[in-house]
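A.B. asks: So here's my_file.pdb, just PDB, C-alpha atoms and all ligand atoms:
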```
ATOM      1  CA  MET A 240     113.307 126.093  54.496
ATOM      2  CA  VAL A 241     112.058 126.257  58.050
ATOM      3  CA  ALA A 242     113.832 124.327  60.761
ATOM      4  CA  THR A 243     112.018 122.873  63.733
ATOM      5  CA  VAL A 244     113.774 122.898  67.084
ATOM      6  CA  VAL A 245     112.672 120.597  69.860
ATOM      7  CA  VAL A 246     114.127 120.954  73.339
ATOM      8  CA  ILE A 247     114.951 117.632  74.954
ATOM      9  CA  SER A 248     114.781 117.951  78.712
ATOM     10  CA  GLY A 249     112.332 115.358  79.920
ATOM     11  CA  GLU A 250     110.855 112.016  79.029
ATOM     12  CA  SER A 251     107.737 113.500  77.509
ATOM     13  CA  ASP A 252     109.894 115.393  74.978
ATOM     14  CA  LEU A 253     110.614 112.072  73.293
ATOM     15  CA  LEU A 254     107.070 112.185  71.957
ATOM     16  CA  ASP A 255     107.669 115.658  70.522
ATOM     17  CA  VAL A 256     110.943 114.583  68.911
ATOM     18  CA  ARG A 257     109.294 111.580  67.303
ATOM     19  CA  SER A 258     106.291 113.496  66.066
ATOM     20  CA  ALA A 259     108.418 116.358  64.674
ATOM     21  CA  LEU A 260     110.584 113.839  62.803
ATOM     22  CA  ARG A 261     107.523 112.063  61.450
ATOM     23  CA  THR A 262     105.983 115.323  60.263
ATOM     24  CA  ALA A 263     109.206 116.346  58.531
ATOM     25  CA  ALA A 264     109.576 112.918  56.921
ATOM     26  CA  GLU A 265     106.038 112.982  55.613
ATOM     27  CA  ARG A 266     106.481 116.512  54.314
ATOM     28  CA  ALA A 267     109.649 115.461  52.496
ATOM     29  CA  GLY A 268     107.770 112.560  50.961
ATOM     30  CA  LEU A 269     109.740 109.750  52.612
ATOM     31  CA  ARG A 270     108.135 106.368  52.404
ATOM     32  CA  LEU A 271     106.879 104.518  55.461
ATOM     33  CA  THR A 272     109.941 102.342  56.027
ATOM     34  CA  ALA A 273     112.389 105.235  55.698
ATOM     35  CA  THR A 274     110.164 107.290  57.992
ATOM     36  CA  THR A 275     109.906 104.566  60.632
ATOM     37  CA  LYS A 276     113.682 104.087  60.628
ATOM     38  CA  LEU A 277     114.308 107.837  60.969
ATOM     39  CA  VAL A 278     111.835 108.241  63.815
ATOM     40  CA  THR A 279     113.265 105.226  65.638
ATOM     41  CA  ALA A 280     116.863 106.437  65.272
ATOM     42  CA  GLY A 281     115.810 109.868  66.545
ATOM     43  CA  SER A 282     114.098 108.295  69.523
ATOM     44  CA  GLU A 283     117.327 106.462  70.438
ATOM     45  CA  LEU A 284     119.437 109.619  70.136
ATOM     46  CA  ALA A 285     117.005 111.739  72.147
ATOM     47  CA  ARG A 286     116.906 109.107  74.857
ATOM     48  CA  ASN A 287     120.710 109.118  75.011
ATOM     49  CA  ILE A 288     120.622 112.873  75.638
ATOM     50  CA  LEU A 289     118.151 112.384  78.477
ATOM     51  CA  ARG A 290     120.234 109.604  79.954
ATOM     52  CA  TYR A 291     123.810 110.725  79.451
ATOM     53  CA  ALA A 292     123.971 114.490  78.933
ATOM     54  CA  THR A 293     124.413 116.535  82.096
ATOM     55  CA  GLY A 294     121.029 117.409  83.443
ATOM     56  CA  GLY A 295     119.534 115.497  80.525
ATOM     57  CA  GLN A 296     119.376 118.615  78.347
ATOM     58  CA  GLY A 297     119.789 119.067  74.649
ATOM     59  CA  THR A 298     118.055 120.016  71.434
ATOM     60  CA  VAL A 299     117.282 118.564  68.072
ATOM     61  CA  THR A 300     117.030 120.728  64.977
ATOM     62  CA  ILE A 301     115.092 119.166  62.138
ATOM     63  CA  GLU A 302     115.018 120.404  58.573
ATOM     64  CA  GLU A 303     114.374 119.269  55.082
ATOM     65  CA  CYS A 304     117.472 118.720  52.983
ATOM     66  CA  THR A 305     118.124 118.093  49.337
ATOM     67  CA  THR A 306     120.617 115.494  48.268
ATOM     68  CA  ARG A 307     121.592 113.878  44.998
ATOM     69  CA  ALA A 308     119.079 111.201  45.899
ATOM     70  CA  GLY A 309     116.270 113.730  46.275
ATOM     71  CA  ARG A 310     114.460 115.260  49.207
ATOM     72  CA  GLY A 311     115.197 114.118  52.686
ATOM     73  CA  VAL A 312     115.311 115.086  56.331
ATOM     74  CA  ARG A 313     118.311 116.071  58.416
ATOM     75  CA  ALA A 314     118.236 116.110  62.203
ATOM     76  CA  VAL A 315     120.989 117.518  64.402
ATOM     77  CA  PHE A 316     121.088 116.378  68.032
ATOM     78  CA  VAL A 317     123.165 118.621  70.263
ATOM     79  CA  ASP A 318     123.933 118.478  73.961
ATOM     80  CA  GLN A 319     126.406 120.112  76.309
ATOM     81  CA  GLY A 320     126.899 116.989  78.367
ATOM     82  CA  PRO A 321     130.125 115.242  79.369
ATOM     83  CA  GLY A 322     130.904 114.221  75.809
ATOM     84  CA  ILE A 323     132.375 110.927  74.701
ATOM     85  CA  ALA A 324     136.084 110.181  75.007
ATOM     86  CA  ASP A 325     136.260 107.137  72.747
ATOM     87  CA  LEU A 326     133.915 107.301  69.772
ATOM     88  CA  ASP A 327     134.994 103.924  68.373
ATOM     89  CA  GLU A 328     134.048 102.299  71.627
ATOM     90  CA  VAL A 329     130.514 103.734  71.811
ATOM     91  CA  MET A 330     129.832 102.940  68.151
ATOM     92  CA  ARG A 331     130.411  99.260  68.841
ATOM     93  CA  ASP A 332     127.371  97.033  69.343
ATOM     94  CA  GLY A 333     126.998  96.121  72.966
ATOM     95  CA  PHE A 334     128.996  98.929  74.579
ATOM     96  CA  SER A 335     127.042 100.714  77.302
ATOM     97  CA  SER A 336     128.193 102.726  80.284
ATOM     98  CA  GLY A 337     124.646 102.660  81.605
ATOM     99  CA  GLY A 338     124.162  98.919  81.954
ATOM    100  CA  SER A 339     121.929  98.862  78.896
ATOM    101  CA  LEU A 340     122.184  96.922  75.617
ATOM    102  CA  GLY A 341     124.436  99.394  73.859
ATOM    103  CA  ILE A 342     122.556  99.344  70.571
ATOM    104  CA  GLY A 343     121.286 102.939  70.401
ATOM    105  CA  LEU A 344     124.232 104.503  68.565
ATOM    106  CA  PRO A 345     125.353 101.622  66.317
ATOM    107  CA  GLY A 346     121.719 100.742  65.618
ATOM    108  CA  SER A 347     120.814 104.323  64.681
ATOM    109  CA  ARG A 348     123.751 104.437  62.295
ATOM    110  CA  ARG A 349     122.373 101.378  60.505
ATOM    111  CA  LEU A 350     118.882 102.892  60.262
ATOM    112  CA  VAL A 351     119.732 106.120  58.469
ATOM    113  CA  ASP A 352     121.435 107.074  55.222
ATOM    114  CA  GLU A 353     123.925 109.395  56.869
ATOM    115  CA  PHE A 354     125.241 109.414  60.415
ATOM    116  CA  THR A 355     128.004 111.513  61.923
ATOM    117  CA  ILE A 356     128.962 111.823  65.541
ATOM    118  CA  ASP A 357     131.242 114.439  66.958
ATOM    119  CA  SER A 358     132.157 114.937  70.572
ATOM    120  CA  MET A 359     134.397 117.052  72.738
ATOM    121  CA  PRO A 360     134.982 115.528  76.141
ATOM    122  CA  GLY A 361     133.744 118.003  78.708
ATOM    123  CA  ARG A 362     131.894 120.037  76.074
ATOM    124  CA  GLY A 363     129.187 117.890  74.616
ATOM    125  CA  THR A 364     128.106 115.716  71.741
ATOM    126  CA  THR A 365     126.592 116.358  68.327
ATOM    127  CA  VAL A 366     124.992 113.659  66.215
ATOM    128  CA  VAL A 367     123.734 114.392  62.705
ATOM    129  CA  ILE A 368     121.473 111.972  60.891
ATOM    130  CA  SER A 369     119.872 112.247  57.465
ATOM    131  CA  GLN A 370     117.382 110.093  55.703
ATOM    132  CA  TRP A 371     116.104 110.094  52.166
ATOM    133  CA  ASP A 372     114.373 107.488  50.115
ATOM    134  CA  ARG A 373     116.683 104.925  48.628
TER     135      ARG A 373
ATOM    136  CA  MET B   8      99.516 108.857  78.693
ATOM    137  CA  PRO B   9      96.405 106.681  78.483
ATOM    138  CA  ASP B  10      94.136 106.955  81.507
ATOM    139  CA  VAL B  11      92.856 103.486  80.958
ATOM    140  CA  VAL B  12      95.236 100.728  80.002
ATOM    141  CA  PRO B  13      93.757  99.118  76.884
ATOM    142  CA  ILE B  14      93.232  95.587  78.151
ATOM    143  CA  MET B  15      90.264  93.567  77.005
ATOM    144  CA  ARG B  16      89.213  90.244  78.471
ATOM    145  CA  MET B  17      88.266  87.554  75.983
ATOM    146  CA  GLY B  18      87.283  84.461  77.900
ATOM    147  CA  PRO B  19      90.419  83.098  79.540
ATOM    148  CA  ASP B  20      92.631  85.475  77.537
ATOM    149  CA  LEU B  21      93.648  89.113  77.589
ATOM    150  CA  LEU B  22      93.997  91.264  74.506
ATOM    151  CA  VAL B  23      96.207  94.302  75.009
ATOM    152  CA  THR B  24      95.995  96.909  72.261
ATOM    153  CA  LEU B  25      98.788  99.469  72.113
ATOM    154  CA  GLN B  26      97.876 102.611  70.204
ATOM    155  CA  GLY B  27      99.562 105.761  68.996
ATOM    156  CA  ASP B  28     102.834 106.999  70.403
ATOM    157  CA  LEU B  29     103.480 106.012  74.003
ATOM    158  CA  ASP B  30     106.027 107.595  76.284
ATOM    159  CA  ASP B  31     108.300 105.423  78.395
ATOM    160  CA  ARG B  32     106.199 105.817  81.506
ATOM    161  CA  ALA B  33     103.028 104.750  79.704
ATOM    162  CA  VAL B  34     104.756 101.652  78.339
ATOM    163  CA  GLU B  35     105.943 100.654  81.810
ATOM    164  CA  GLN B  36     102.538 101.385  83.259
ATOM    165  CA  ILE B  37     100.928  99.069  80.737
ATOM    166  CA  GLU B  38     103.519  96.380  81.508
ATOM    167  CA  GLN B  39     102.658  96.631  85.198
ATOM    168  CA  GLU B  40      98.918  96.596  84.642
ATOM    169  CA  VAL B  41      99.026  93.580  82.317
ATOM    170  CA  THR B  42     101.131  91.504  84.723
ATOM    171  CA  ASP B  43      98.826  92.470  87.586
ATOM    172  CA  GLN B  44      95.764  91.421  85.601
ATOM    173  CA  VAL B  45      97.303  88.124  84.521
ATOM    174  CA  ALA B  46      97.990  87.287  88.146
ATOM    175  CA  ARG B  47      94.647  88.561  89.423
ATOM    176  CA  THR B  48      92.481  86.868  86.809
ATOM    177  CA  SER B  49      94.644  83.760  86.181
ATOM    178  CA  ALA B  50      94.501  84.550  82.487
ATOM    179  CA  ARG B  51      95.729  81.725  80.292
ATOM    180  CA  ALA B  52      97.129  83.802  77.488
ATOM    181  CA  VAL B  53      97.944  87.381  76.551
ATOM    182  CA  LEU B  54      97.969  88.820  73.055
ATOM    183  CA  VAL B  55      99.752  92.138  72.770
ATOM    184  CA  ASP B  56      98.716  93.933  69.592
ATOM    185  CA  VAL B  57     101.309  96.509  68.527
ATOM    186  CA  SER B  58      99.864  97.235  65.078
ATOM    187  CA  GLY B  59      98.594 100.634  66.225
ATOM    188  CA  LEU B  60     101.930 101.667  67.688
ATOM    189  CA  ALA B  61     103.718 104.460  65.847
ATOM    190  CA  VAL B  62     107.245 103.425  66.831
ATOM    191  CA  LEU B  63     108.840 100.472  68.506
ATOM    192  CA  ASP B  64     112.301 101.602  69.541
ATOM    193  CA  SER B  65     114.775  99.622  71.638
ATOM    194  CA  PHE B  66     113.212 100.766  74.901
ATOM    195  CA  VAL B  67     109.675  99.728  73.970
ATOM    196  CA  ALA B  68     110.949  96.447  72.501
ATOM    197  CA  ARG B  69     112.838  95.713  75.695
ATOM    198  CA  VAL B  70     109.825  96.376  77.905
ATOM    199  CA  LEU B  71     107.630  94.188  75.689
ATOM    200  CA  ALA B  72     110.161  91.347  75.815
ATOM    201  CA  ARG B  73     110.272  91.701  79.593
ATOM    202  CA  LEU B  74     106.485  91.692  79.752
ATOM    203  CA  VAL B  75     106.378  88.478  77.743
ATOM    204  CA  SER B  76     108.843  86.772  80.115
ATOM    205  CA  MET B  77     106.914  87.923  83.169
ATOM    206  CA  VAL B  78     103.627  86.680  81.758
ATOM    207  CA  ARG B  79     105.275  83.307  81.125
ATOM    208  CA  LEU B  80     106.604  83.173  84.664
ATOM    209  CA  LEU B  81     103.044  83.659  85.816
ATOM    210  CA  GLY B  82     102.104  80.548  83.877
ATOM    211  CA  ALA B  83     100.341  82.177  80.935
ATOM    212  CA  ASP B  84     101.218  82.238  77.268
ATOM    213  CA  ALA B  85     102.141  85.520  75.561
ATOM    214  CA  THR B  86     102.174  86.468  71.902
ATOM    215  CA  LEU B  87     103.161  89.745  70.274
ATOM    216  CA  VAL B  88     101.005  90.448  67.240
ATOM    217  CA  GLY B  89     100.823  93.103  64.550
ATOM    218  CA  ILE B  90     104.452  93.999  63.887
ATOM    219  CA  SER B  91     104.318  95.758  60.508
ATOM    220  CA  PRO B  92     106.957  95.157  57.815
ATOM    221  CA  ALA B  93     108.370  98.656  58.377
ATOM    222  CA  VAL B  94     108.705  98.045  62.122
ATOM    223  CA  ALA B  95     110.165  94.574  61.538
ATOM    224  CA  ILE B  96     112.903  95.923  59.246
ATOM    225  CA  THR B  97     113.616  98.698  61.708
ATOM    226  CA  LEU B  98     113.968  96.315  64.661
ATOM    227  CA  VAL B  99     116.280  94.003  62.726
ATOM    228  CA  GLU B 100     118.539  96.846  61.580
ATOM    229  CA  LEU B 101     118.535  98.425  64.997
ATOM    230  CA  GLY B 102     119.714  95.086  66.374
ATOM    231  CA  VAL B 103     116.825  94.330  68.691
ATOM    232  CA  SER B 104     116.321  90.627  69.022
ATOM    233  CA  LEU B 105     112.836  89.400  69.801
ATOM    234  CA  ARG B 106     114.058  85.834  69.391
ATOM    235  CA  HIS B 107     112.472  84.563  72.565
ATOM    236  CA  VAL B 108     109.147  86.235  71.928
ATOM    237  CA  ASN B 109     106.278  84.433  70.189
ATOM    238  CA  THR B 110     104.909  86.562  67.398
ATOM    239  CA  ALA B 111     102.013  86.346  64.983
ATOM    240  CA  LEU B 112     101.127  88.505  61.997
ATOM    241  CA  ASN B 113      97.909  89.834  63.491
ATOM    242  CA  ALA B 114      95.451  89.296  66.325
ATOM    243  CA  GLU B 115      93.452  86.756  64.336
ATOM    244  CA  GLN B 116      96.472  84.565  63.669
ATOM    245  CA  GLY B 117      97.540  85.016  67.267
ATOM    246  CA  MET B 118      94.168  83.658  68.392
ATOM    247  CA  GLY B 119      94.581  80.802  65.910
ATOM    248  CA  ARG B 120      97.919  79.944  67.470
ATOM    249  CA  LEU B 121      96.315  79.843  70.919
ATOM    250  CA  ARG B 122      93.509  77.652  69.680
ATOM    251  CA  ARG B 123      95.980  75.176  68.175
ATOM    252  CA  LEU B 124      97.974  75.141  71.387
ATOM    253  CA  ARG B 125      94.817  74.338  73.312
ATOM    254  CA  GLU B 126      93.635  71.664  70.925
ATOM    255  CA  GLY B 127      97.097  70.131  71.280
ATOM    256  CA  ASP B 128      96.688  70.215  75.052
ATOM    257  CA  ALA B 129      93.216  68.744  74.861
ATOM    258  CA  SER B 130      94.285  65.791  72.735
ATOM    259  CA  ARG B 131      97.239  65.150  75.039
ATOM    260  CA  TRP B 132      94.856  64.960  77.954
ATOM    261  CA  ALA B 133      92.498  62.743  75.980
ATOM    262  CA  GLY B 134      95.475  60.442  75.408
ATOM    263  CA  HIS B 135      96.067  60.231  79.146
ATOM    264  CA  ASP B 136      92.424  59.339  79.697
ATOM    265  CA  ASP B 137      92.652  56.494  77.206
ATOM    266  CA  ARG B 138      95.534  54.941  79.030
ATOM    267  CA  GLY B 139      93.991  55.499  82.450
TER     268      GLY B 139
HETATM  269  N1  LIG C   1     124.727 112.212  74.297
HETATM  270  C1  LIG C   1     125.651 111.461  74.935
HETATM  271  N2  LIG C   1     126.511 112.053  75.816
HETATM  272  C2  LIG C   1     127.434 111.310  76.469
HETATM  273  N3  LIG C   1     127.601 109.990  76.308
HETATM  274  C3  LIG C   1     126.790 109.357  75.452
HETATM  275  C4  LIG C   1     125.773 110.043  74.724
HETATM  276  N4  LIG C   1     125.118 109.156  73.950
HETATM  277  C5  LIG C   1     125.695 107.970  74.183
HETATM  278  N5  LIG C   1     126.708 108.078  75.084
HETATM  279  C6  LIG C   1     127.583 106.985  75.544
HETATM  280  O1  LIG C   1     127.620 105.998  74.549
HETATM  281  C7  LIG C   1     127.231 104.733  75.068
HETATM  282  C8  LIG C   1     126.544 103.929  73.996
HETATM  283  O2  LIG C   1     125.297 104.544  73.659
HETATM  284  P1  LIG C   1     124.148 103.633  73.040
HETATM  285  O3  LIG C   1     122.949 104.442  72.816
HETATM  286  O4  LIG C   1     124.730 102.891  71.872
HETATM  287  O5  LIG C   1     123.905 102.552  74.180
HETATM  288  P2  LIG C   1     123.119 102.726  75.575
HETATM  289  O6  LIG C   1     122.336 103.994  75.575
HETATM  290  O7  LIG C   1     124.125 102.563  76.663
HETATM  291  O8  LIG C   1     122.166 101.481  75.552
HETATM  292  P3  LIG C   1     120.792 101.358  74.700
HETATM  293  O9  LIG C   1     120.740 102.504  73.741
HETATM  294  O10 LIG C   1     120.892 100.045  74.005
HETATM  295  O11 LIG C   1     119.730 101.426  75.725
HETATM  296  C9  LIG C   1     126.393 105.063  76.265
HETATM  297  O12 LIG C   1     126.372 104.014  77.197
HETATM  298  C10 LIG C   1     127.089 106.308  76.811
HETATM  299  O13 LIG C   1     128.221 105.958  77.546
HETATM  300 MG    MG C   2     121.092 104.528  73.970
END
```
Take the structure in the file and write it out as structure tokens.
C.D. replies:
Amino acid sequence: MVATVVVISGESDLLDVRSALRTAAERAGLRLTATTKLVTAGSELARNILRYATGGQGTVTIEECTTRAGRGVRAVFVDQGPGIADLDEVMRDGFSSGGSLGIGLPGSRRLVDEFTIDSMPGRGTTVVISQWDR
Amino acid sequence: MPDVVPIMRMGPDLLVTLQGDLDDRAVEQIEQEVTDQVARTSARAVLVDVSGLAVLDSFVARVLARLVSMVRLLGADATLVGISPAVAITLVELGVSLRHVNTALNAEQGMGRLRRLREGDASRWAGHDDRG
């Protein structure tokens, strides 16, 4: 299985992230709704990297995965930014340190079948999402 | 990024057709251009057709909601048309509220809504004439 890596370092990379996710979703046979949700969640996570990671740098690695439910797509968003001290806080609807709506993380979690976030303050943040057809 | 912002004039109205996948800058550029045109041409209504848009994430939704409020402040009516079922479900689960935004299923129904609004206006004015 080939993984696709997209570097996230500028606004225009959001388009690449979204199109790579869409391609992977279509290849894995996800239906339109599952695909749209995955692409939207990925767009939120990539935008967070641009906004909150130091220098706005990170990567997403996208690959097909097989679950009990069938074929799906897994995407791993990694950055070496400041990290997140309180994960419960940022996963709450409405929390934003950037004066925004604070729906990116909690909203993405609702859009995908699997969502894990891991962060080391001072080291960076990793978010893994997976989507398959329910 | 589109070189030409997809705005079409239809009588007193503007039809804005968003297509493909737009980056943040393009979305804000379109917002700017539409508000400018509404002011410059005294358009009465704006229909924003998003049916050709690949994704509508929280950023795009926020800019569109802001565009709608600005158009209203300029004295015109604004309707968002063409949200697909997949996009609708996604917006609801994401938690984006477009509560204050008029929506219609497609451009045709959006035009129908405008027509009804205008007929309503016309009969109100006719009523005034009767009394006067
Ligand atoms: N990659 C990241 N590195 C460091 N902090 C992050 C990262 N992603 C999110 N955060 C923190 O988590 C908070 C919540 O993120 P979330 O995406 O939910 O909301 P937001 O980006 O602030 O607003 P919105 O997504 O609604 O525009 C952010 O304000 C920021 O403090
Ligand atoms: Mg965010």
A.B. asks: So, counting all atoms listed in the file, which residue among A:Leu350, A:Val299, A:Leu289, A:Ala308 is closest to ligand MG 2 (chain C)?
C.D. replies: A:Leu289
A.B. asks: Could you list, as a list of chain:residue names, all the residues within 8 Å of ligand MG 2 (chain C), counting only C-alpha atoms and all ligand atoms?
C.D. replies: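 So, counting only C-alpha atoms and all ligand atoms, the residues near ligand MG 2 (chain C) are A:Glu283, A:Leu284, A:Arg286, A:Asn287, A:Arg290, A:Ser335, A:Ser339, A:Leu340, A:Gly341, A:Ile342, A:Gly343, A:Leu344.
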A.B. asks: So what do you get for atom O4 of ligand LIG 1 (chain C) versus atom CA of B:Ala95, distance-wise?
C.D. replies: 19.7 Å
A.B. asks: Which residue is closest to chain B? Choose from A:Leu277, A:Val312, A:Cys304, A:Ile368 and count only C-alpha atoms.
C.D. replies: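 Selected residue with least distance to chain B: A:Leu277.
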A.B. asks: Show me, as a list of chain:residue names, the residues that have an atom within 9 Å of stretch 114-117 of chain B when counting all atoms listed in the file, minus same-chain residues fewer than 6 positions from it.
C.D. replies: B:Leu22, B:Leu54, B:Val55, B:Asp56, B:Thr86, B:Leu87, B:Val88, B:Gly89
A.B. asks: Restricting the output to C-alpha atoms, write the selected residues as a PDB file, keeping the file's coordinate frame.
C.D. replies:
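Final file, out.pdb:
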```
ATOM      1  CA  LEU B  22      93.997  91.264  74.506  1.00  0.00           C
ATOM      2  CA  LEU B  54      97.969  88.820  73.055  1.00  0.00           C
ATOM      3  CA  VAL B  55      99.752  92.138  72.770  1.00  0.00           C
ATOM      4  CA  ASP B  56      98.716  93.933  69.592  1.00  0.00           C
ATOM      5  CA  THR B  86     102.174  86.468  71.902  1.00  0.00           C
ATOM      6  CA  LEU B  87     103.161  89.745  70.274  1.00  0.00           C
ATOM      7  CA  VAL B  88     101.005  90.448  67.240  1.00  0.00           C
ATOM      8  CA  GLY B  89     100.823  93.103  64.550  1.00  0.00           C
TER       9      GLY B  89
END
```
A.B. asks: Selected by the PyMOL selection byres (((not hetatm)) within 9 of (chain C and resi 1)) in the shown coordinates: which residues, as a ChimeraX atom specification?
C.D. replies: /A:283-293,295,297,316-326,328-347,358,360,363-366 /B:65-66,69,103
A.B. asks: Which residues of chain B are close to chain A, meaning at most 12 Å apart when you count all atoms listed in the file, and how do they look as a PyMOL selection string?
C.D. replies: chain B and resi 8+27-33+60-69+91-104
A.B. asks: Tell me which protein, DNA and RNA residues are within 12 Å of B:Arg122, counting all atoms listed in the file, leaving out same-chain ones fewer than 3 positions away, and put them as a list in words.
C.D. replies: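 In the requested format, the answer is Pro19, Asp20, Arg51, Ala52, Asp84, Glu115, Gln116, Gly117, Met118, Gly119, Arg125, Glu126, Gly127, Asp128 and Ala129 of chain B.
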A.B. asks: Now that the selection is made, can you save its residues with C-alpha atoms as a tab-separated table (two decimals), in the coordinates of the input?
C.D. replies:
```
chain	number	residue	atom	x	y	z
B	19	PRO	CA	90.42	83.10	79.54
B	20	ASP	CA	92.63	85.48	77.54
B	51	ARG	CA	95.73	81.72	80.29
B	52	ALA	CA	97.13	83.80	77.49
B	84	ASP	CA	101.22	82.24	77.27
B	115	GLU	CA	93.45	86.76	64.34
B	116	GLN	CA	96.47	84.56	63.67
B	117	GLY	CA	97.54	85.02	67.27
B	118	MET	CA	94.17	83.66	68.39
B	119	GLY	CA	94.58	80.80	65.91
B	125	ARG	CA	94.82	74.34	73.31
B	126	GLU	CA	93.64	71.66	70.92
B	127	GLY	CA	97.10	70.13	71.28
B	128	ASP	CA	96.69	70.22	75.05
B	129	ALA	CA	93.22	68.74	74.86
```
A.B. asks: For stretch 119-135 of chain B, take all atoms listed in the file, fit an axis-aligned box around them, add 3 Å to each of the six sides, then output centre and edge lengths in Å rounded to one decimal, as AutoDock Vina command-line options.
C.D. replies:
```
--center_x 95.2 --center_y 70.5 --center_z 72.5 --size_x 11.5 --size_y 26.6 --size_z 19.2
```
A.B. asks: Counting only C-alpha atoms, which of B:Met17, B:Leu71, B:Ala50, B:Ala85 gets nearest to B:Gln36?
C.D. replies: B:Leu71
A.B. asks: Counting only C-alpha atoms, figure out which residue out of B:Glu40, B:Val34, B:Arg120, B:Arg131 gets nearest to B:Ile14.
C.D. replies: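 Checking each of B:Glu40, B:Val34, B:Arg120, B:Arg131 against B:Ile14, counting only C-alpha atoms, the winner is B:Glu40.
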A.B. asks: Got a sec: who's within 12 Å of A:Gly309, counting all atoms listed in the file, leaving out chain neighbours fewer than 6 positions off, as an MDAnalysis selection string?
C.D. replies: chainID A and resid 267:269 303 369:373
A.B. asks: Would you mind reading off the distance between atom CA of B:Ile90 and atom CA of B:Val45, one decimal, in Å?
C.D. replies: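 These atoms are spaced 22.6 Å apart.
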A.B. asks: Of the candidates B:Ala133, B:Ala72, B:Leu112, B:Gly82, which one gets nearest to B:Ser49 if we count all atoms listed in the file?
C.D. replies: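 Distance minimum relative to B:Ser49 lands on B:Gly82.
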